[in-house]
Every structure is written in C-alpha cells, then in structure tokens.
$ cat data.cif   # mmCIF, C-alpha atoms
data_model
loop_
_atom_site.label_atom_id
_atom_site.label_comp_id
_atom_site.auth_asym_id
_atom_site.auth_seq_id
_atom_site.Cartn_x
_atom_site.Cartn_y
_atom_site.Cartn_z
CA MET A 73 -82.28 30.38 -30.33
CA SER A 74 -85.36 32.39 -31.21
CA ALA A 75 -86.78 34.88 -28.73
CA ALA A 76 -90.26 33.33 -29.00
CA LEU A 77 -88.94 29.92 -27.94
CA VAL A 78 -87.03 31.36 -24.98
CA ILE A 79 -90.06 33.36 -23.81
CA ALA A 80 -92.30 30.31 -24.20
CA ILE A 81 -89.94 28.14 -22.14
CA GLY A 82 -89.73 30.87 -19.49
CA ILE A 83 -93.52 31.21 -19.24
CA VAL A 84 -93.95 27.45 -18.94
CA LEU A 85 -91.37 27.28 -16.14
CA MET A 86 -92.89 30.28 -14.38
CA LEU A 87 -96.35 28.71 -14.35
CA ALA A 88 -95.33 25.09 -13.73
CA LEU A 89 -92.60 25.27 -11.08
CA PRO A 90 -94.71 26.68 -8.20
CA GLY A 91 -97.05 23.70 -8.57
CA VAL A 92 -94.32 21.06 -8.25
CA MET A 93 -91.88 22.72 -5.83
CA ASP A 94 -92.00 23.21 -2.10
CA GLU A 95 -91.34 26.65 -0.60
CA TYR A 96 -87.60 26.06 -0.11
CA SER A 97 -87.10 24.88 -3.68
CA LEU A 98 -89.13 27.83 -4.94
CA LEU A 99 -86.85 30.20 -3.03
CA GLN A 100 -83.88 28.53 -4.71
CA GLY A 101 -85.54 29.02 -8.07
CA THR A 102 -86.05 32.69 -7.22
CA ILE A 103 -82.37 33.30 -6.46
CA TYR A 104 -81.42 31.51 -9.68
CA ALA A 105 -83.64 33.92 -11.62
CA VAL A 106 -82.17 36.90 -9.74
CA MET A 107 -78.64 35.87 -10.62
CA ALA A 108 -79.72 35.23 -14.21
CA ILE A 109 -80.81 38.88 -14.45
CA LEU A 110 -77.42 39.92 -13.07
CA GLY A 111 -75.66 37.69 -15.59
CA VAL A 112 -77.67 39.13 -18.48
CA SER A 113 -76.65 42.66 -17.44
CA LEU A 114 -72.97 41.84 -17.96
CA GLY A 115 -73.67 39.58 -20.94
CA PHE A 116 -75.25 42.52 -22.75
CA ILE A 117 -72.59 45.17 -22.15
CA TRP A 118 -69.71 42.72 -22.69
CA GLY A 119 -71.03 40.49 -25.44
CA PHE A 120 -72.79 43.17 -27.49
CA GLY A 121 -71.21 46.42 -26.32
CA GLY A 122 -67.65 45.11 -26.06
CA ILE A 123 -67.26 46.51 -22.53
CA LEU A 124 -65.62 44.12 -20.06
CA CYS A 125 -66.75 45.49 -16.71
CA PHE A 126 -65.06 43.96 -13.67
CA GLY A 127 -67.31 45.97 -11.38
CA GLN A 128 -70.79 44.76 -12.25
CA ALA A 129 -71.16 43.82 -8.60
CA ALA A 130 -70.94 47.54 -7.77
CA PHE A 131 -74.24 48.25 -9.54
CA PHE A 132 -75.71 45.09 -8.04
CA GLY A 133 -74.81 46.22 -4.53
CA LEU A 134 -75.97 49.79 -5.14
CA GLY A 135 -79.37 48.50 -6.23
CA SER A 136 -79.63 46.33 -3.14
CA TYR A 137 -78.65 49.07 -0.68
CA THR A 138 -80.72 51.72 -2.45
CA TYR A 139 -83.84 49.61 -2.12
CA ALA A 140 -83.09 48.74 1.51
CA VAL A 141 -82.50 52.34 2.59
CA ALA A 142 -85.43 53.74 0.60
CA VAL A 143 -88.00 51.17 1.69
CA ILE A 144 -87.08 51.54 5.37
CA ASN A 145 -87.55 55.30 5.10
CA MET A 146 -90.65 55.30 2.88
CA GLY A 147 -92.55 52.19 3.92
CA ASP A 148 -94.13 51.53 0.54
CA SER A 149 -91.89 49.58 -1.86
CA THR A 150 -93.04 51.04 -5.20
CA VAL A 151 -90.70 54.06 -5.32
CA PRO A 152 -87.74 52.17 -3.76
CA PHE A 153 -88.14 49.52 -6.46
CA LEU A 154 -87.73 52.19 -9.14
CA LEU A 155 -84.90 53.92 -7.28
CA ALA A 156 -83.01 50.63 -7.10
CA MET A 157 -82.68 50.79 -10.90
CA ALA A 158 -82.33 54.56 -11.26
CA VAL A 159 -79.46 55.08 -8.78
CA PRO A 160 -77.13 52.41 -10.27
CA ALA A 161 -77.99 53.67 -13.76
CA LEU A 162 -77.08 57.23 -12.74
CA PHE A 163 -73.86 56.01 -11.15
CA ALA A 164 -73.06 54.08 -14.35
CA ALA A 165 -73.75 57.22 -16.38
CA ILE A 166 -71.26 59.27 -14.34
CA LEU A 167 -68.63 56.55 -14.31
CA GLY A 168 -69.12 55.72 -17.98
CA TYR A 169 -68.90 59.38 -19.02
CA VAL A 170 -65.54 59.70 -17.29
CA ILE A 171 -64.26 56.51 -18.94
CA PHE A 172 -65.62 56.80 -22.48
CA PHE A 173 -65.39 60.53 -23.00
CA GLY A 174 -62.01 60.57 -21.25
CA ARG A 175 -60.87 58.20 -24.02
CA LEU A 176 -59.46 55.63 -21.62
CA SER A 177 -58.46 52.28 -23.09
CA ASP A 178 -60.20 48.98 -22.36
CA VAL A 179 -57.44 48.03 -19.91
CA TYR A 180 -58.21 51.07 -17.77
CA MET A 181 -61.92 50.24 -18.04
CA GLY A 182 -61.40 46.97 -16.20
CA VAL A 183 -59.08 48.51 -13.62
CA ILE A 184 -61.35 51.47 -12.86
CA THR A 185 -64.54 49.42 -12.49
CA LEU A 186 -62.75 46.92 -10.25
CA THR A 187 -61.30 49.73 -8.15
CA VAL A 188 -64.71 51.38 -7.77
CA THR A 189 -66.15 48.09 -6.56
CA LEU A 190 -63.42 47.73 -3.93
CA ILE A 191 -63.95 51.33 -2.80
CA LEU A 192 -67.68 50.75 -2.33
CA PHE A 193 -66.96 47.50 -0.46
CA ASN A 194 -64.60 49.23 2.00
CA LEU A 195 -66.88 52.24 2.32
CA VAL A 196 -70.00 50.25 3.19
CA ASN A 197 -67.99 47.86 5.35
CA SER A 198 -66.83 50.73 7.56
CA THR A 199 -70.32 52.01 8.47
CA ALA A 200 -70.84 49.82 11.51
CA GLY A 201 -71.46 52.58 14.07
CA PRO A 202 -74.93 53.83 15.04
CA GLU A 203 -74.11 57.23 13.55
CA TRP A 204 -73.92 55.70 10.07
CA LYS A 205 -77.45 55.85 8.81
CA ILE A 206 -79.46 57.44 6.04
CA GLY A 207 -82.69 58.82 7.40
CA VAL A 208 -83.85 56.16 9.84
CA ALA A 209 -82.08 53.31 8.04
CA PRO A 210 -78.83 52.15 9.72
CA LEU A 211 -76.27 50.85 7.22
CA GLY A 212 -74.96 48.23 9.63
CA GLY A 213 -71.40 48.05 8.32
CA PHE A 214 -70.00 44.54 7.95
CA ASN A 215 -73.08 43.14 9.69
CA GLY A 216 -75.29 44.26 6.82
CA MET A 217 -78.92 45.36 6.92
CA PRO A 218 -81.29 42.67 8.19
CA GLY A 219 -85.06 42.78 8.29
CA ILE A 220 -85.54 44.67 5.02
CA PRO A 221 -89.27 45.08 4.21
CA THR A 222 -90.06 43.07 1.11
CA LEU A 223 -92.07 44.18 -1.90
CA ASN A 224 -95.70 44.93 -1.27
CA TYR A 225 -98.66 45.54 -3.54
CA PRO A 226 -98.53 49.19 -4.73
CA GLY A 227 -100.09 51.45 -2.12
CA LYS A 228 -100.74 48.56 0.31
CA THR A 229 -97.85 48.50 2.74
CA GLY A 230 -99.49 45.84 4.88
CA GLN A 231 -99.74 43.30 2.05
CA ALA A 232 -96.25 42.01 1.35
CA LEU A 233 -95.65 39.58 -1.49
CA SER A 234 -95.49 35.91 -0.61
CA PRO A 235 -92.50 33.78 -1.73
CA LYS A 236 -94.64 32.49 -4.58
CA ASP A 237 -95.55 36.03 -5.66
CA LEU A 238 -91.89 37.08 -5.46
CA PHE A 239 -90.98 34.16 -7.73
CA TYR A 240 -93.55 35.35 -10.27
CA VAL A 241 -92.26 38.94 -10.09
CA THR A 242 -88.65 37.80 -10.52
CA MET A 243 -89.47 35.59 -13.50
CA VAL A 244 -91.48 38.36 -15.15
CA CYS A 245 -88.54 40.76 -14.65
CA LEU A 246 -86.17 38.21 -16.19
CA LEU A 247 -88.40 37.62 -19.22
CA LEU A 248 -89.04 41.32 -19.76
CA THR A 249 -85.32 42.05 -19.46
CA TYR A 250 -84.49 39.39 -22.04
CA LEU A 251 -87.24 40.47 -24.42
CA GLY A 252 -86.39 44.16 -24.07
CA LEU A 253 -82.73 43.55 -24.83
CA ARG A 254 -83.58 41.39 -27.83
CA VAL A 255 -85.76 44.18 -29.21
CA LEU A 256 -83.02 46.73 -28.56
CA ILE A 257 -80.36 44.60 -30.28
CA SER A 258 -82.62 44.21 -33.33
CA SER A 259 -83.19 47.97 -33.56
CA LYS A 260 -80.99 50.60 -35.20
CA ILE A 261 -79.51 51.59 -31.84
CA GLY A 262 -78.58 47.99 -31.12
CA ARG A 263 -76.92 47.57 -34.49
CA VAL A 264 -74.83 50.68 -33.89
CA ILE A 265 -73.84 49.37 -30.44
CA ILE A 266 -72.66 46.10 -31.99
CA ALA A 267 -70.90 47.94 -34.81
CA ALA A 268 -69.08 50.12 -32.27
CA LYS A 269 -67.82 46.97 -30.60
CA GLU A 270 -66.53 45.60 -33.91
CA ASN A 271 -64.94 48.77 -35.31
CA GLU A 272 -65.28 52.03 -33.42
CA GLN A 273 -63.38 54.07 -36.01
CA ARG A 274 -65.62 52.94 -38.86
CA VAL A 275 -68.74 53.83 -36.84
CA LEU A 276 -67.28 57.29 -36.29
CA LEU A 277 -66.69 57.71 -40.02
CA LEU A 278 -70.32 56.78 -40.66
CA GLY A 279 -71.44 59.71 -38.54
CA TYR A 280 -72.17 58.00 -35.20
CA ASP A 281 -70.44 58.86 -31.94
CA ALA A 282 -69.48 55.42 -30.63
CA ARG A 283 -68.89 56.82 -27.15
CA VAL A 284 -72.56 57.75 -26.79
CA TYR A 285 -73.73 54.28 -27.72
CA LYS A 286 -71.21 52.61 -25.44
CA LEU A 287 -72.33 54.87 -22.62
CA LEU A 288 -75.96 53.98 -23.34
CA SER A 289 -75.27 50.25 -23.13
CA PHE A 290 -73.21 50.75 -19.95
CA ILE A 291 -76.05 52.69 -18.30
CA LEU A 292 -78.59 50.06 -19.30
CA GLY A 293 -76.39 47.28 -17.92
CA GLY A 294 -76.01 49.17 -14.65
CA GLY A 295 -79.77 49.63 -14.31
CA ILE A 296 -80.43 45.93 -14.95
CA ALA A 297 -77.81 44.96 -12.36
CA GLY A 298 -79.53 47.33 -9.91
CA LEU A 299 -82.84 45.54 -10.57
CA ALA A 300 -81.14 42.25 -9.70
CA GLY A 301 -79.79 43.80 -6.50
CA CYS A 302 -83.26 44.97 -5.50
CA LEU A 303 -84.71 41.51 -6.03
CA PHE A 304 -81.81 39.98 -4.10
CA ALA A 305 -82.56 42.20 -1.11
CA ASN A 306 -86.18 41.08 -1.28
CA TRP A 307 -85.25 37.40 -1.60
CA GLY A 308 -83.45 37.23 1.74
CA ALA A 309 -84.76 40.45 3.37
CA PHE A 310 -81.06 41.12 3.94
CA THR A 311 -78.07 42.75 2.27
CA SER A 312 -74.43 43.12 3.25
CA PRO A 313 -71.12 44.48 1.89
CA THR A 314 -70.14 41.02 0.61
CA ILE A 315 -72.16 41.61 -2.55
CA PHE A 316 -69.55 44.24 -3.48
CA GLY A 317 -66.75 41.71 -3.04
CA LEU A 318 -64.29 40.36 -5.59
CA ALA A 319 -65.84 36.89 -5.39
CA GLN A 320 -69.18 38.23 -6.61
CA SER A 321 -67.56 40.18 -9.45
CA ALA A 322 -65.58 37.12 -10.56
CA GLN A 323 -68.64 34.88 -10.47
CA ILE A 324 -70.57 37.12 -12.86
CA ILE A 325 -67.73 36.93 -15.39
CA ILE A 326 -67.61 33.14 -15.02
CA TRP A 327 -71.37 32.90 -15.68
CA VAL A 328 -71.00 34.76 -18.96
CA ILE A 329 -67.95 32.80 -20.11
CA VAL A 330 -69.48 29.43 -19.24
CA GLY A 331 -72.88 30.24 -20.75
CA GLY A 332 -71.57 31.87 -23.89
CA LEU A 333 -70.38 35.38 -24.70
CA GLY A 334 -72.35 37.20 -27.38
CA THR A 335 -75.71 35.69 -26.42
CA LEU A 336 -78.43 36.62 -23.96
CA VAL A 337 -79.46 33.05 -23.19
CA GLY A 338 -75.88 32.06 -22.39
CA PRO A 339 -75.53 34.18 -19.20
CA ILE A 340 -78.89 32.83 -17.99
CA VAL A 341 -77.77 29.24 -18.50
CA GLY A 342 -74.35 29.94 -17.00
CA ALA A 343 -75.76 31.68 -13.93
CA VAL A 344 -78.27 28.93 -13.19
CA ALA A 345 -75.73 26.14 -13.79
CA ILE A 346 -72.98 27.69 -11.65
CA GLN A 347 -75.38 28.68 -8.87
CA TRP A 348 -76.80 25.16 -8.77
CA LEU A 349 -73.30 23.66 -8.74
CA THR A 350 -72.18 26.04 -5.98
CA THR A 351 -75.19 25.05 -3.88
CA GLN A 352 -74.42 21.36 -4.35
CA ILE A 353 -70.76 21.84 -3.46
CA GLY A 354 -71.74 23.78 -0.36
CA THR A 355 -73.53 20.73 1.05
CA GLN A 356 -70.23 18.82 1.44
CA GLN A 357 -66.83 19.54 2.98
CA ILE A 358 -64.55 17.70 0.54
CA PHE A 359 -64.06 20.29 -2.21
CA ASN A 360 -63.68 24.04 -1.92
CA SER A 361 -66.29 25.82 -4.05
CA ASN A 362 -63.89 28.55 -5.22
CA LEU A 363 -61.38 25.91 -6.34
CA VAL A 364 -64.08 24.08 -8.31
CA LEU A 365 -65.22 27.32 -9.96
CA GLY A 366 -61.63 28.08 -10.94
CA VAL A 367 -61.22 24.66 -12.51
CA ILE A 368 -64.50 25.07 -14.40
CA LEU A 369 -63.37 28.45 -15.75
CA VAL A 370 -60.05 27.03 -16.96
CA VAL A 371 -61.76 24.04 -18.60
CA PHE A 372 -64.24 26.20 -20.46
CA VAL A 373 -61.65 28.75 -21.57
CA VAL A 374 -59.40 25.99 -22.93
CA LEU A 375 -61.86 23.38 -24.22
CA VAL A 376 -65.15 25.25 -24.77
CA PRO A 377 -64.12 28.87 -25.39
CA ARG A 378 -67.43 29.77 -27.02
CA GLY A 379 -69.51 28.65 -24.02
CA ILE A 380 -72.39 26.21 -23.58
CA VAL A 381 -75.10 27.84 -25.67
CA PRO A 382 -73.08 28.67 -28.83
CA SER A 383 -71.33 25.28 -28.76
CA LEU A 384 -74.61 23.45 -28.25
CA GLY A 385 -76.20 25.47 -31.05
CA SER A 386 -73.35 24.60 -33.43
CA ALA A 387 -73.59 20.92 -32.50
CA LEU A 388 -77.35 20.84 -33.09
CA GLU A 389 -76.94 22.68 -36.40
CA TRP A 390 -74.28 20.17 -37.54
CA LEU A 391 -76.52 17.27 -36.51
CA TRP A 392 -79.49 18.78 -38.36
CA HIS A 393 -77.51 19.19 -41.60
CA LYS A 394 -76.18 15.65 -41.20
CA LEU A 395 -79.68 14.23 -40.88
CA LYS A 396 -80.91 16.28 -43.85
CA SER A 397 -78.06 15.06 -46.06
CA ARG A 398 -78.74 11.45 -45.10
CA ALA A 399 -82.44 11.83 -45.78
CA ALA A 400 -81.76 13.37 -49.19
CA ALA A 401 -79.11 10.78 -50.20
CA PRO A 402 -81.50 7.96 -51.38
CA GLY A 403 -83.44 10.39 -53.58
CA LYS A 404 -80.27 11.63 -55.25
CA THR A 405 -79.10 8.07 -55.97
CA LYS A 406 -82.42 7.17 -57.52
CA GLN A 407 -82.39 10.33 -59.65
CA ARG A 408 -78.92 9.56 -60.94
CA SER A 409 -79.80 5.95 -61.79
CA THR A 410 -82.88 6.98 -63.79
CA ALA A 411 -80.99 9.71 -65.61
CA ALA A 412 -78.23 7.38 -66.84
CA PRO A 413 -80.31 5.26 -69.29
CA ALA A 414 -81.79 8.41 -70.80
CA VAL A 415 -78.35 9.63 -71.71
CA SER A 416 -77.28 6.26 -73.11
CA ALA A 417 -80.49 5.97 -75.07
CA SER A 418 -79.92 9.32 -76.67
CA ASN A 419 -76.35 8.51 -77.65
CA PRO A 420 -77.22 6.43 -80.76
CA THR A 421 -79.44 9.17 -82.09
CA THR A 422 -76.79 11.78 -81.50
CA THR A 423 -74.18 9.57 -83.07
CA GLY A 424 -76.42 8.92 -86.03
CA LEU A 425 -77.10 12.60 -86.60
CA SER A 426 -73.41 13.38 -86.35
CA SER A 427 -72.56 10.70 -88.92
CA THR A 428 -75.25 11.97 -91.29
CA ALA A 429 -73.90 15.51 -91.06
CA GLN A 430 -70.35 14.34 -91.78
CA THR A 431 -71.52 12.36 -94.79
CA ALA A 432 -73.47 15.32 -96.20
CA SER A 433 -70.44 17.55 -95.79
CA THR A 434 -68.25 15.06 -97.67
CA ILE A 435 -70.75 14.82 -100.51
CA ASN A 436 -70.93 18.57 -100.85
CA GLU A 437 -67.17 18.85 -100.96
CA GLN A 438 -66.89 16.17 -103.67
CA THR A 439 -69.66 17.81 -105.68
CA ALA A 440 -67.96 21.17 -105.49
#

$ encode --input "data.cif" --output "structure tokens"
Amino acid sequence: MSAALVIAIGIVLMLALPGVMDEYSLLQGTIYAVMAILGVSLGFIWGFGGILCFGQAAFFGLGSYTYAVAVINMGDSTVPFLLAMAVPALFAAILGYVIFFGRLSDVYMGVITLTVTLILFNLVNSTAGPEWKIGVAPLGGFNGMPGIPTLNYPGKTGQALSPKDLFYVTMVCLLLTYLGLRVLISSKIGRVIIAAKENEQRVLLLGYDARVYKLLSFILGGGIAGLAGCLFANWGAFTSPTIFGLAQSAQIIIWVIVGGLGTLVGPIVGAVAIQWLTTQIGTQQIFNSNLVLGVILVVFVVLVPRGIVPSLGSALEWLWHKLKSRAAAPGKTKQRSTAAPAVSASNPTTTGLSSTAQTASTINEQTA
C-alpha cells in the first residue's frame, strides 16, 4: 500500500471522526491510535530490523512514567512530552549497546528484554510508600499515579487540551510516525537496516557495521514506544505498573503478527482490530479475553501466517490480474481469428514460389 494512500486515509479519518462521534467514542478512537503507535514501534524493529523485542512494554511504561513525573514537577507539558521520548530512547541505547556489541544471540535478546520488563514492573510496583517520590511526584506503587496533568498549549499551563484536541494530536503523531519511518526505510540507512536483518555477515563484508544500524533501529523503536506511553498517560490522566506487565508485552506481539510482519500498516490494523475486539469481549462475561486472544494468535499463525495486510494485498493483486486477463481475453481471440486467414491466404503464393524454384533448379541441372 502506498504511503500517499495511507496518509490520505489517515487525514480523512482525523478530520471526519470528531464530527460523527460522541466524546466517549472519540476517546476510544484516541486509545486505538495510541496503541497503533505502540504497535508500529515493534513492527519497525521486528519487521525491518529483525529484532524480536519481548520488552517493548518497558519503553512504553518508561515514556508514561517519565511524562507523569516530569509534568507534575514542571507544570508545563512541553518539556515532559519531549522527555517521554528521550528517556526510553536513552534506555534503549544503553540496553541495545550491551546486547548488540556484546554479540548476544537473538535468543538472549528476547530473554533480556523480557527480564528487563519484569524488573521494571516489580520495581515500580514496590514504590507504594510516601517516601517513594521523584521531586514532588509520588510514584504510587501498585496504585499508580492518578490525576496526571494532561498536555497543554506550549507555555500556557492553564489551557489543557480538550479530548478532541488530544485526538488530533494523537492522530498527527501516528501519521508523522508512519511517514517518518517510510522515509527512513526508503533511505540508504533503511536499506542497510533491512540488509542487516537479511544477512548480517554480508553487510559487514560490504563495509557496514550491522550492530550500529541495529542499535539505531532499536533506539528509534524505543523512542516511538515512549511517545505512545506519553499519549497513554494523557488519555486517561493515569498510569500504573500494569503497563509493564507480561500481558501488555504479549499483546503488542499479537498486534504485529495479526496485522502483518514486515509492514508498517499491518501493526496499525492489528492494534486497532485487537483493541476493538478486546473492548467488545469486555462487555460480556461469557468468554475470557485472554483466551480469545490466544485462540486468535494460534489461528493466524497456522492459517494466516503472513498477517491481514500482506494476505489481503496478495488477494487483491491476484484478483486484479485475474480481471485484467479476462478483459484482455476477447481481444486476443479476435486477433488470432483475423491472423489465421492471412496465413492461409499466403500459403498458395509461398507454395507457388517454392514450386517455381524447384522447377528452375531441375531445368538448370538438366541443361548442365
């Protein structure tokens, strides 16, 4: 799917949805867009960088808590918004340097990132006492941090964004993230990142240090996940240690698998579809949502391993070629039917010329 089409669809949805949705539905649309950003962060580093990170929720939670602590201490939300991306990116840089330059295998990559996520979960979960605070911001432990000041207009702490404004900001962040990653993938750096995923040794022989490019993609994915965490904290004016949990980490992986690995649209589609399905399941008491998500994951891994977007693209491409071949079939039949008489009409002439040549040759031989 072309980037222009995706951006056009996103702009149309961004401008049209606030006019047809009530405030509750608009808040639901906002959280879908937030989770789409989080899904794209893993979709990029896994699908294009070849890095399966089981701890993407760690960067998501760091972005959320960084914004919450910074905005409570500073008041204005401009600097905390930037810190929410910078701190997870810095953490990803340190963690990625240890992993990639320590030459650890992909198996250890998954184990280390998952372990770091569990450590952060237990660490934040154990800060329930009043002594656990950063500046004037209490961490709250397992109770979380309620009443987080939401984004305000730069320099105007008294003018917080409305739910409609927050929806616009979230959609703009999603579109800019998608467009920026598409530009990066199309650039020389992006091609080296993809090449390092395919064959790291060959990239090294060509004069590129694959570890540097893997680290770059890992840092970028961490910063994008931190952006999603910041927007999540603004969506509910609340954050808690549960965003570091295993359930959150597993959900992100499911979004990418369901939507389609190796695409940027796939994680967006997967995140929105799974979030919507989870919301619908939560309204009833018959099925357990985790059980349903597990069944969906198994079905897609077995029956649709490529995901929704690549499979749908292949189906549409097959249908398009089928329609083109059917449309071209009558013209080919007509061309063949008109060409046949021309060949048959030329046969007598050819036969006649051939007979004349044979006769002349015989005469010459007899004369000689």

$ closest_atom_pairs --input "data.cif" --of "region 111-197 of chain A" --to "region 228-232 of chain A" --cutoff "10 Å" --atoms "all atoms listed in the file" --output "Markdown table"
| residue | atom | partner | partner_atom | distance |
| --- | --- | --- | --- | --- |
| A:Met146 | CA | A:Thr229 | CA | 9.9 |
| A:Gly147 | CA | A:Thr229 | CA | 6.6 |
| A:Asp148 | CA | A:Thr229 | CA | 5.3 |
| A:Ser149 | CA | A:Thr229 | CA | 7.6 |
| A:Thr150 | CA | A:Thr229 | CA | 9.6 |

$ atom_distance --input "data.cif" --atom1 "CA of Gln128 (chain A)" --atom2 "CA of Ala305 (chain A)"
16.4 Å

$ resolve_selection --input "data.cif" --expression "the PyMOL selection byres ((chain A and resi 185) around 10)" --output "number ranges by chain"
A: 124-130, 164, 167-168, 171, 180-184, 186-191

$ atom_distance --input "data.cif" --atom1 "CA of Val337 (chain A)" --atom2 "CA of Ala156 (chain A)"
24.1 Å

$ atom_distance --input "data.cif" --atom1 "CA of Val196 (chain A)" --atom2 "CA of Ile144 (chain A)"
17.3 Å

$ build_atoms --input "data.cif" --residues "region 177-186 of chain A" --atoms "all heavy atoms" --output "PDB file, keeping the file's coordinate frame"
ATOM      1  N   SER A 177     -58.492  53.551 -22.367  1.00  0.00           N
ATOM      2  CA  SER A 177     -58.460  52.280 -23.090  1.00  0.00           C
ATOM      3  C   SER A 177     -59.239  51.213 -22.318  1.00  0.00           C
ATOM      4  O   SER A 177     -59.633  51.408 -21.159  1.00  0.00           O
ATOM      5  CB  SER A 177     -57.013  51.818 -23.290  1.00  0.00           C
ATOM      6  OG  SER A 177     -56.410  51.527 -22.034  1.00  0.00           O
ATOM      7  N   ASP A 178     -59.443  50.069 -22.971  1.00  0.00           N
ATOM      8  CA  ASP A 178     -60.200  48.980 -22.360  1.00  0.00           C
ATOM      9  C   ASP A 178     -59.501  48.436 -21.117  1.00  0.00           C
ATOM     10  O   ASP A 178     -60.160  47.950 -20.192  1.00  0.00           O
ATOM     11  CB  ASP A 178     -60.403  47.852 -23.379  1.00  0.00           C
ATOM     12  CG  ASP A 178     -61.292  48.279 -24.527  1.00  0.00           C
ATOM     13  OD1 ASP A 178     -62.045  49.256 -24.344  1.00  0.00           O
ATOM     14  OD2 ASP A 178     -61.229  47.655 -25.602  1.00  0.00           O
ATOM     15  N   VAL A 179     -58.177  48.505 -21.088  1.00  0.00           N
ATOM     16  CA  VAL A 179     -57.440  48.030 -19.910  1.00  0.00           C
ATOM     17  C   VAL A 179     -57.805  48.873 -18.696  1.00  0.00           C
ATOM     18  O   VAL A 179     -58.067  48.350 -17.602  1.00  0.00           O
ATOM     19  CB  VAL A 179     -55.929  48.087 -20.175  1.00  0.00           C
ATOM     20  CG1 VAL A 179     -55.154  47.692 -18.919  1.00  0.00           C
ATOM     21  CG2 VAL A 179     -55.561  47.171 -21.330  1.00  0.00           C
ATOM     22  N   TYR A 180     -57.842  50.181 -18.875  1.00  0.00           N
ATOM     23  CA  TYR A 180     -58.210  51.070 -17.770  1.00  0.00           C
ATOM     24  C   TYR A 180     -59.669  50.885 -17.375  1.00  0.00           C
ATOM     25  O   TYR A 180     -60.035  51.110 -16.222  1.00  0.00           O
ATOM     26  CB  TYR A 180     -57.940  52.517 -18.158  1.00  0.00           C
ATOM     27  CG  TYR A 180     -56.471  52.851 -18.258  1.00  0.00           C
ATOM     28  CD1 TYR A 180     -55.860  52.995 -19.493  1.00  0.00           C
ATOM     29  CD2 TYR A 180     -55.692  53.003 -17.120  1.00  0.00           C
ATOM     30  CE1 TYR A 180     -54.515  53.284 -19.600  1.00  0.00           C
ATOM     31  CE2 TYR A 180     -54.343  53.300 -17.205  1.00  0.00           C
ATOM     32  CZ  TYR A 180     -53.755  53.438 -18.447  1.00  0.00           C
ATOM     33  OH  TYR A 180     -52.419  53.727 -18.539  1.00  0.00           O
ATOM     34  N   MET A 181     -60.502  50.499 -18.336  1.00  0.00           N
ATOM     35  CA  MET A 181     -61.920  50.240 -18.040  1.00  0.00           C
ATOM     36  C   MET A 181     -62.049  49.164 -16.973  1.00  0.00           C
ATOM     37  O   MET A 181     -62.778  49.312 -15.989  1.00  0.00           O
ATOM     38  CB  MET A 181     -62.633  49.815 -19.327  1.00  0.00           C
ATOM     39  CG  MET A 181     -64.070  49.382 -19.127  1.00  0.00           C
ATOM     40  SD  MET A 181     -65.131  50.787 -18.753  1.00  0.00           S
ATOM     41  CE  MET A 181     -66.671  49.956 -18.415  1.00  0.00           C
ATOM     42  N   GLY A 182     -61.344  48.050 -17.172  1.00  0.00           N
ATOM     43  CA  GLY A 182     -61.400  46.970 -16.200  1.00  0.00           C
ATOM     44  C   GLY A 182     -60.840  47.381 -14.853  1.00  0.00           C
ATOM     45  O   GLY A 182     -61.413  47.077 -13.799  1.00  0.00           O
ATOM     46  N   VAL A 183     -59.720  48.103 -14.869  1.00  0.00           N
ATOM     47  CA  VAL A 183     -59.080  48.510 -13.620  1.00  0.00           C
ATOM     48  C   VAL A 183     -59.954  49.485 -12.843  1.00  0.00           C
ATOM     49  O   VAL A 183     -60.128  49.365 -11.618  1.00  0.00           O
ATOM     50  CB  VAL A 183     -57.699  49.128 -13.909  1.00  0.00           C
ATOM     51  CG1 VAL A 183     -57.096  49.727 -12.647  1.00  0.00           C
ATOM     52  CG2 VAL A 183     -56.761  48.093 -14.495  1.00  0.00           C
ATOM     53  N   ILE A 184     -60.538  50.462 -13.542  1.00  0.00           N
ATOM     54  CA  ILE A 184     -61.350  51.470 -12.860  1.00  0.00           C
ATOM     55  C   ILE A 184     -62.609  50.864 -12.258  1.00  0.00           C
ATOM     56  O   ILE A 184     -62.958  51.143 -11.105  1.00  0.00           O
ATOM     57  CB  ILE A 184     -61.718  52.601 -13.858  1.00  0.00           C
ATOM     58  CG1 ILE A 184     -60.470  53.409 -14.215  1.00  0.00           C
ATOM     59  CG2 ILE A 184     -62.786  53.518 -13.272  1.00  0.00           C
ATOM     60  CD1 ILE A 184     -60.704  54.447 -15.277  1.00  0.00           C
ATOM     61  N   THR A 185     -63.310  50.027 -13.017  1.00  0.00           N
ATOM     62  CA  THR A 185     -64.540  49.420 -12.490  1.00  0.00           C
ATOM     63  C   THR A 185     -64.243  48.505 -11.307  1.00  0.00           C
ATOM     64  O   THR A 185     -65.005  48.460 -10.336  1.00  0.00           O
ATOM     65  CB  THR A 185     -65.261  48.637 -13.585  1.00  0.00           C
ATOM     66  OG1 THR A 185     -64.355  47.712 -14.209  1.00  0.00           O
ATOM     67  CG2 THR A 185     -65.811  49.567 -14.648  1.00  0.00           C
ATOM     68  N   LEU A 186     -63.132  47.775 -11.375  1.00  0.00           N
ATOM     69  CA  LEU A 186     -62.750  46.920 -10.250  1.00  0.00           C
ATOM     70  C   LEU A 186     -62.388  47.761  -9.027  1.00  0.00           C
ATOM     71  O   LEU A 186     -62.766  47.439  -7.885  1.00  0.00           O
ATOM     72  CB  LEU A 186     -61.580  46.032 -10.653  1.00  0.00           C
ATOM     73  CG  LEU A 186     -61.100  45.012  -9.615  1.00  0.00           C
ATOM     74  CD1 LEU A 186     -62.225  44.060  -9.243  1.00  0.00           C
ATOM     75  CD2 LEU A 186     -59.885  44.253 -10.123  1.00  0.00           C
TER      76      LEU A 186
END
